[in-house]
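Quick notes on the structure that follows.
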There are 2 protein chains.
Amino acid sequence: VIAPHDVTALVNTGDDTELHGLWISPDIDTVIYTLAGAIDPDRGWGLQGESWNAMETLRRYGATTPPGSSAGTTWFNLGDRDLATHLYRTGRRDEGASLSEITDEIARAWGVEVRVVPMTDDRVETRVTVVGEGEISFQEYFVQRRHEVPVEALRFEGAESAVPNLGPVCDADLVVIAPSNPLVSIGPIRHLSGVDAWLSRRRSSVVAISPIVGGAALKGPADRMMRELGLEPSVVGVAELYAPIASTLVIDHADSALRKAVEATGMKCVVTDTIMATPQRAAALARVACATSERD
Amino acid sequence: VIAPHDVTALVNTGDDTELHGLWISPDIDTVIYTLAGAIDPDRGWGLQGESWNAMETLRRYGATTPPGSSAGTTWFNLGDRDLATHLYRTGRRDEGASLSEITDEIARAWGVEVRVVPMTDDRVETRVTVVGEGEISFQEYFVQRRHEVPVEALRFEGAESAVPNLGPVCDADLVVIAPSNPLVSIGPIRHLSGVDAWLSRRRSSVVAISPIVGGAALKGPADRMMRELGLEPSVVGVAELYAPIASTLVIDHADSALRKAVEATGMKCVVTDTIMATPQRAAALARVACATSERD
């Protein structure tokens, strides 16, 4: 719908984690692997045709690790091929390269023409307060607890002082907020200093796509998390979150009855098929998002 | 020949390297994998039944790495299973564990009962000066240049201030200097402060096994390296190196004609089969080494 070199993806890095000495950027890798057509379509993360021999052997060490150590941890599963990406990222970091440069190099190695930009080159950590347990890292919540535990607060450590990478996107004709988790995928980007202010200034050319369809997240814990944090787990709750920064919310046919309620938040509302089950349906959704902007 | 829990291996760490953010201790891993019966018998390093998917994918990054970067380097080949050992070591280091503790844990994970001890917990780096090229790291010499380039000097960076791990071996009844490269495998241990002095004080119960058989190293560049550094690449050259710290040199039948020349260095000389082609021949050699000591 748009030529790849005309698209820039600004990607959350609040999920980044350091494990076994390696620097892991799960969201960036998922975006790059997806755009490269290399992602495992069933898991939705990691590479296709993956092998798991490193993790299998690490389990041997995990069985005899001293108490309190997490060095033998295998709940954060890393495929053998995927490990190469983390080895490369960590090696380049040790050479002094920024995450922006490294991300660019990784994308290029996979032949990805979309420009993939980390939300910041500084360290921001999404921290999740779990009811009855206290604050844990995002990956402990998302992977280790399989996002099954109730959340009472989110915090983005380092977000106040981190510099957002707005340079590559500030002249964009259109900003599309993807149907990601508004709290832990879009949220960390919005918590960076100046991002919400920038979006609100150009609100008329910002369009968001609702990740909630028929009252549920298509994937992940967005609906539960919204409810736990006092938000309505519906397109209306999404509209309330995005109204200050986006002029339009694209919702699914399943939610057409809520159109007026979305509009009551001050957003325009476009109803279409938002479930990107095939490339064709994804393209149609992109066309709607772009046309929405042109109508402004 | 000796119960495993009565044997301690003090192992060279001058070959250690940091690559892709991971801490790699090749000699320690080779000793542990060998004692565990898990080493690849054909390569002589790494694990049997290994896969190479991480390196294969890293090659993709290597092809587009910016000039001057070594992050995509794949000449130091790391198997997928073997990577788990480096992930574990690095993770434990980041938690503050010492190399002694980590080595102990890795050995235990493989069911190894021989106590494996790094020569020091401090960082020592074997540096190799190559004719016409200058100083490079040991792995650059050994793996990247396949030890095919002529050497004019060796240096053990950090050896003066590193504390040798003599605690676990200082009450040993017998010290056997294995038929390793006397310059770059035994050499780094000897360069640690106090090691040669300790050995020379207990010289009568130190026995060395010659790595040179019939004027050549069974494996690796020991013979060439000795010649390049002005030493005779023979059991006599080995005797000259070890005479100050060991009372006995075990040589192969192939070198029996040099027995008198070895004895002229001040060492006793025992002639036997030193080629450990089978466990039985290795056991017979161990019995000779032990009996030698008892004769003193």
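Chain labels follow the order of the structure tokens: the first chain is A, the next B, and so on; residue numbering restarts at 1 in every chain, and ligands are counted from 1 in their shown order.
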Could you make a table, as JSON lines, of the residues of chain B that have an atom within 10 Å of an atom of chain A, each with its nearest atom pair and distance in Å to one decimal, counting only C-alpha atoms, in chain and number order?
```
{"residue": "B:Glu18", "atom": "CA", "partner": "A:Gly91", "partner_atom": "CA", "distance": 9.3}
{"residue": "B:Leu19", "atom": "CA", "partner": "A:Gly91", "partner_atom": "CA", "distance": 6.8}
{"residue": "B:His20", "atom": "CA", "partner": "A:Gly91", "partner_atom": "CA", "distance": 4.0}
{"residue": "B:Gly21", "atom": "CA", "partner": "A:Gly91", "partner_atom": "CA", "distance": 5.4}
{"residue": "B:Leu22", "atom": "CA", "partner": "A:Gly21", "partner_atom": "CA", "distance": 6.5}
{"residue": "B:Trp23", "atom": "CA", "partner": "A:Gly21", "partner_atom": "CA", "distance": 8.8}
{"residue": "B:Glu50", "atom": "CA", "partner": "A:Asn53", "partner_atom": "CA", "distance": 8.3}
{"residue": "B:Ser51", "atom": "CA", "partner": "A:Asn53", "partner_atom": "CA", "distance": 7.5}
{"residue": "B:Trp52", "atom": "CA", "partner": "A:Asp80", "partner_atom": "CA", "distance": 8.2}
{"residue": "B:Asn53", "atom": "CA", "partner": "A:Arg81", "partner_atom": "CA", "distance": 5.3}
{"residue": "B:Ala54", "atom": "CA", "partner": "A:Arg81", "partner_atom": "CA", "distance": 4.4}
{"residue": "B:Met55", "atom": "CA", "partner": "A:Ala84", "partner_atom": "CA", "distance": 6.6}
{"residue": "B:Glu56", "atom": "CA", "partner": "A:Arg81", "partner_atom": "CA", "distance": 7.6}
{"residue": "B:Thr57", "atom": "CA", "partner": "A:Arg81", "partner_atom": "CA", "distance": 5.6}
{"residue": "B:Leu58", "atom": "CA", "partner": "A:Ala84", "partner_atom": "CA", "distance": 4.8}
{"residue": "B:Arg59", "atom": "CA", "partner": "A:Ala84", "partner_atom": "CA", "distance": 8.6}
{"residue": "B:Arg60", "atom": "CA", "partner": "A:Ala109", "partner_atom": "CA", "distance": 6.1}
{"residue": "B:Tyr61", "atom": "CA", "partner": "A:Ala109", "partner_atom": "CA", "distance": 5.6}
{"residue": "B:Gly62", "atom": "CA", "partner": "A:Ala109", "partner_atom": "CA", "distance": 8.6}
{"residue": "B:Ala63", "atom": "CA", "partner": "A:Ala109", "partner_atom": "CA", "distance": 7.6}
{"residue": "B:Thr64", "atom": "CA", "partner": "A:Ala109", "partner_atom": "CA", "distance": 6.0}
{"residue": "B:Thr65", "atom": "CA", "partner": "A:Glu105", "partner_atom": "CA", "distance": 7.0}
{"residue": "B:Pro66", "atom": "CA", "partner": "A:Glu105", "partner_atom": "CA", "distance": 8.2}
{"residue": "B:Gly68", "atom": "CA", "partner": "A:Glu95", "partner_atom": "CA", "distance": 9.6}
{"residue": "B:Ser69", "atom": "CA", "partner": "A:Glu95", "partner_atom": "CA", "distance": 7.3}
{"residue": "B:Ser70", "atom": "CA", "partner": "A:Gly91", "partner_atom": "CA", "distance": 7.6}
{"residue": "B:Ala71", "atom": "CA", "partner": "A:Gly91", "partner_atom": "CA", "distance": 4.7}
{"residue": "B:Gly72", "atom": "CA", "partner": "A:Tyr88", "partner_atom": "CA", "distance": 6.0}
{"residue": "B:Thr73", "atom": "CA", "partner": "A:Tyr88", "partner_atom": "CA", "distance": 8.8}
{"residue": "B:Gly79", "atom": "CA", "partner": "A:Ala54", "partner_atom": "CA", "distance": 8.4}
{"residue": "B:Asp80", "atom": "CA", "partner": "A:Ala54", "partner_atom": "CA", "distance": 4.9}
{"residue": "B:Arg81", "atom": "CA", "partner": "A:Ala54", "partner_atom": "CA", "distance": 4.4}
{"residue": "B:Asp82", "atom": "CA", "partner": "A:Ala54", "partner_atom": "CA", "distance": 7.0}
{"residue": "B:Leu83", "atom": "CA", "partner": "A:Ala54", "partner_atom": "CA", "distance": 5.9}
{"residue": "B:Ala84", "atom": "CA", "partner": "A:Leu58", "partner_atom": "CA", "distance": 4.8}
{"residue": "B:Thr85", "atom": "CA", "partner": "A:Leu58", "partner_atom": "CA", "distance": 7.0}
{"residue": "B:His86", "atom": "CA", "partner": "A:His20", "partner_atom": "CA", "distance": 8.3}
{"residue": "B:Leu87", "atom": "CA", "partner": "A:His20", "partner_atom": "CA", "distance": 4.8}
{"residue": "B:Tyr88", "atom": "CA", "partner": "A:Ala71", "partner_atom": "CA", "distance": 5.4}
{"residue": "B:Arg89", "atom": "CA", "partner": "A:Ala71", "partner_atom": "CA", "distance": 7.8}
{"residue": "B:Thr90", "atom": "CA", "partner": "A:Gly21", "partner_atom": "CA", "distance": 5.5}
{"residue": "B:Gly91", "atom": "CA", "partner": "A:His20", "partner_atom": "CA", "distance": 4.0}
{"residue": "B:Arg92", "atom": "CA", "partner": "A:Ala71", "partner_atom": "CA", "distance": 5.5}
{"residue": "B:Arg93", "atom": "CA", "partner": "A:Gly21", "partner_atom": "CA", "distance": 8.6}
{"residue": "B:Asp94", "atom": "CA", "partner": "A:Gly21", "partner_atom": "CA", "distance": 6.9}
{"residue": "B:Glu95", "atom": "CA", "partner": "A:Ser69", "partner_atom": "CA", "distance": 7.3}
{"residue": "B:Ala97", "atom": "CA", "partner": "A:Ser69", "partner_atom": "CA", "distance": 9.6}
{"residue": "B:Glu101", "atom": "CA", "partner": "A:Pro66", "partner_atom": "CA", "distance": 10.0}
{"residue": "B:Ile102", "atom": "CA", "partner": "A:Thr65", "partner_atom": "CA", "distance": 9.4}
{"residue": "B:Glu105", "atom": "CA", "partner": "A:Thr65", "partner_atom": "CA", "distance": 7.0}
{"residue": "B:Ile106", "atom": "CA", "partner": "A:Tyr61", "partner_atom": "CA", "distance": 6.8}
{"residue": "B:Ala107", "atom": "CA", "partner": "A:Tyr61", "partner_atom": "CA", "distance": 9.6}
{"residue": "B:Arg108", "atom": "CA", "partner": "A:Thr64", "partner_atom": "CA", "distance": 7.4}
{"residue": "B:Ala109", "atom": "CA", "partner": "A:Tyr61", "partner_atom": "CA", "distance": 5.6}
{"residue": "B:Trp110", "atom": "CA", "partner": "A:Arg60", "partner_atom": "CA", "distance": 7.9}
```
- [ ] Using DSSP on the backbone, list every residue of region 175-261 of chain B that comes out as alpha helix (DSSP H), and give them as a PyMOL selection string.
- [x] chain B and resi 187-190+195-201+222-228+235-242+259-261
TODO: Could you give me, as a list in words, the residues within 10 Å of Asp104 (chain B), counting only C-alpha atoms and dropping anything in the same chain fewer than 6 positions from it?
DONE: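 Once the adjacent positions are removed, what remains is Ile32, Ser98, Val112, Glu113, Val114, Arg115, Val116, Val117 and Pro118 of chain B.
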Task: Spatial neighbours of Ser256 (chain B), max dist 12 Å, only C-alpha atoms, sep filter under 2 positions, as a PyMOL selection string - done: chain B and resi 213-215+234-236+249-254+258-263+269-274
TODO: Can you pull out every residue within 9 Å of region 219-222 of chain A, counting only C-alpha atoms, but drop anything in the same chain fewer than 5 positions away, and send it as a list in words?
DONE: Phe142, His147, Glu148, Ser180, Asn181, Pro182, Leu183, Val184, Pro211, Ile212, Arg227 and Pro233 of chain A
- [ ] Find the residue from A:Asp196, A:Glu157, A:Glu228, A:Asp173 that sits nearest to Val131 (chain A); use only C-alpha atoms when measuring.
- [x] A:Glu228
Open item on the list: If you run DSSP on the backbone here, which positions in region 163-215 of chain B get strand (DSSP E or B)? Please write them as a list in words.
Closed with: Pro164, Val175, Val176, Ile177, Val206, Val207, Ala208, Ile209, Ile212 and Val213 of chain B
Open item on the list: One decimal, in Å: what's the spacing between CA of Ala282 (chain B) and CA of Pro179 (chain B)?
Closed with: 11.6 Å
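Counting only C-alpha atoms, Cys170 (chain A) has the following residues at most 10 Å away, ignoring those fewer than 4 positions along the same chain: Asn165, Leu166, Leu174, Val175, Trp198, Leu199 and Arg202 of chain A.
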Open item on the list: Taking 2 positions as the minimum chain separation for residues in the same chain, which residues sit within 7 Å of Ser25 (chain A) when counting only C-alpha atoms? Answer as a list in words.
Closed with: Thr13, Asp15, Asp16, Thr17, Trp23, Asp27, Ile28 and Asp29 of chain A
All heavy atoms of the current selection, written as a PDB file, in the first residue's frame:
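Output (result09.pdb):
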```
ATOM      1  N   THR A  13      10.841  -0.403  23.095  1.00  0.00           N
ATOM      2  CA  THR A  13      11.994  -1.147  23.615  1.00  0.00           C
ATOM      3  C   THR A  13      11.881  -1.348  25.130  1.00  0.00           C
ATOM      4  O   THR A  13      12.847  -1.791  25.768  1.00  0.00           O
ATOM      5  CB  THR A  13      13.317  -0.422  23.306  1.00  0.00           C
ATOM      6  OG1 THR A  13      13.255   0.898  23.868  1.00  0.00           O
ATOM      7  CG2 THR A  13      13.559  -0.323  21.816  1.00  0.00           C
ATOM      8  N   ASP A  15      10.367  -3.583  26.554  1.00  0.00           N
ATOM      9  CA  ASP A  15      10.421  -5.032  26.821  1.00  0.00           C
ATOM     10  C   ASP A  15      11.843  -5.573  26.774  1.00  0.00           C
ATOM     11  O   ASP A  15      12.050  -6.760  27.026  1.00  0.00           O
ATOM     12  CB  ASP A  15       9.667  -5.823  25.739  1.00  0.00           C
ATOM     13  CG  ASP A  15       8.218  -5.421  25.602  1.00  0.00           C
ATOM     14  OD1 ASP A  15       7.811  -4.450  26.259  1.00  0.00           O
ATOM     15  OD2 ASP A  15       7.504  -6.098  24.841  1.00  0.00           O
ATOM     16  N   ASP A  16      12.797  -4.731  26.402  1.00  0.00           N
ATOM     17  CA  ASP A  16      14.172  -5.225  26.254  1.00  0.00           C
ATOM     18  C   ASP A  16      14.649  -5.858  27.552  1.00  0.00           C
ATOM     19  O   ASP A  16      14.302  -5.413  28.653  1.00  0.00           O
ATOM     20  CB  ASP A  16      15.122  -4.075  25.898  1.00  0.00           C
ATOM     21  CG  ASP A  16      14.982  -3.671  24.444  1.00  0.00           C
ATOM     22  OD1 ASP A  16      13.952  -4.012  23.831  1.00  0.00           O
ATOM     23  OD2 ASP A  16      15.887  -3.003  23.927  1.00  0.00           O
ATOM     24  N   THR A  17      15.456  -6.871  27.399  1.00  0.00           N
ATOM     25  CA  THR A  17      15.937  -7.557  28.597  1.00  0.00           C
ATOM     26  C   THR A  17      17.373  -8.002  28.377  1.00  0.00           C
ATOM     27  O   THR A  17      17.808  -8.211  27.250  1.00  0.00           O
ATOM     28  CB  THR A  17      15.005  -8.746  28.954  1.00  0.00           C
ATOM     29  OG1 THR A  17      15.397  -9.277  30.211  1.00  0.00           O
ATOM     30  CG2 THR A  17      15.037  -9.852  27.912  1.00  0.00           C
ATOM     31  N   TRP A  23      21.915  -8.868  25.072  1.00  0.00           N
ATOM     32  CA  TRP A  23      20.931  -7.793  24.993  1.00  0.00           C
ATOM     33  C   TRP A  23      19.849  -8.217  24.005  1.00  0.00           C
ATOM     34  O   TRP A  23      20.112  -8.401  22.820  1.00  0.00           O
ATOM     35  CB  TRP A  23      21.617  -6.517  24.536  1.00  0.00           C
ATOM     36  CG  TRP A  23      20.723  -5.330  24.445  1.00  0.00           C
ATOM     37  CD1 TRP A  23      19.454  -5.183  24.942  1.00  0.00           C
ATOM     38  CD2 TRP A  23      21.048  -4.082  23.825  1.00  0.00           C
ATOM     39  NE1 TRP A  23      18.979  -3.936  24.670  1.00  0.00           N
ATOM     40  CE2 TRP A  23      19.932  -3.238  23.989  1.00  0.00           C
ATOM     41  CE3 TRP A  23      22.169  -3.608  23.157  1.00  0.00           C
ATOM     42  CZ2 TRP A  23      19.921  -1.934  23.492  1.00  0.00           C
ATOM     43  CZ3 TRP A  23      22.143  -2.319  22.672  1.00  0.00           C
ATOM     44  CH2 TRP A  23      21.039  -1.494  22.842  1.00  0.00           C
ATOM     45  N   ASP A  27      10.632  -6.800  20.771  1.00  0.00           N
ATOM     46  CA  ASP A  27       9.690  -6.153  19.858  1.00  0.00           C
ATOM     47  C   ASP A  27      10.360  -5.785  18.532  1.00  0.00           C
ATOM     48  O   ASP A  27       9.785  -5.969  17.454  1.00  0.00           O
ATOM     49  CB  ASP A  27       9.058  -4.921  20.514  1.00  0.00           C
ATOM     50  CG  ASP A  27       7.966  -5.326  21.511  1.00  0.00           C
ATOM     51  OD1 ASP A  27       7.799  -6.547  21.745  1.00  0.00           O
ATOM     52  OD2 ASP A  27       7.297  -4.438  22.050  1.00  0.00           O
ATOM     53  N   ILE A  28      11.575  -5.274  18.631  1.00  0.00           N
ATOM     54  CA  ILE A  28      12.301  -4.929  17.404  1.00  0.00           C
ATOM     55  C   ILE A  28      12.519  -6.185  16.549  1.00  0.00           C
ATOM     56  O   ILE A  28      12.287  -6.179  15.336  1.00  0.00           O
ATOM     57  CB  ILE A  28      13.655  -4.262  17.742  1.00  0.00           C
ATOM     58  CG1 ILE A  28      13.394  -2.829  18.226  1.00  0.00           C
ATOM     59  CG2 ILE A  28      14.594  -4.281  16.534  1.00  0.00           C
ATOM     60  CD1 ILE A  28      14.630  -2.090  18.663  1.00  0.00           C
ATOM     61  N   ASP A  29      12.914  -7.266  17.204  1.00  0.00           N
ATOM     62  CA  ASP A  29      13.171  -8.496  16.448  1.00  0.00           C
ATOM     63  C   ASP A  29      11.888  -9.018  15.807  1.00  0.00           C
ATOM     64  O   ASP A  29      11.903  -9.483  14.661  1.00  0.00           O
ATOM     65  CB  ASP A  29      13.781  -9.564  17.357  1.00  0.00           C
ATOM     66  CG  ASP A  29      15.176  -9.157  17.817  1.00  0.00           C
ATOM     67  OD1 ASP A  29      15.732  -8.214  17.246  1.00  0.00           O
ATOM     68  OD2 ASP A  29      15.700  -9.796  18.755  1.00  0.00           O
TER      69      ASP A  29
END
```
TODO: Provide the CA of Thr292 (chain A) to CA of Thr248 (chain A) distance in Å, to one decimal place.
DONE: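 Atom-to-atom, CA of Thr292 (chain A) and CA of Thr248 (chain A) are spaced 7.7 Å apart.
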Open item on the list: If I take CA of Val288 (chain B) and CA of Ala257 (chain B), how far is one from the other in Å, to one decimal?
Closed with: 19.2 Å
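Distances here use only C-alpha atoms; by that measure, the residue among B:Leu154, B:Ala38, B:Ala291, B:Val143 closest to Val130 (chain B) is B:Leu154.
Distances here use only C-alpha atoms; by that measure, the residue among B:Val238, B:Ala217, B:Asp122, B:Val176 closest to Arg287 (chain B) is B:Val176.
Each of B:Arg155, B:Arg203, B:Arg224, B:His5 was compared to Ile245 (chain B) using only C-alpha atoms, and B:Arg203 turns out to be the nearest.
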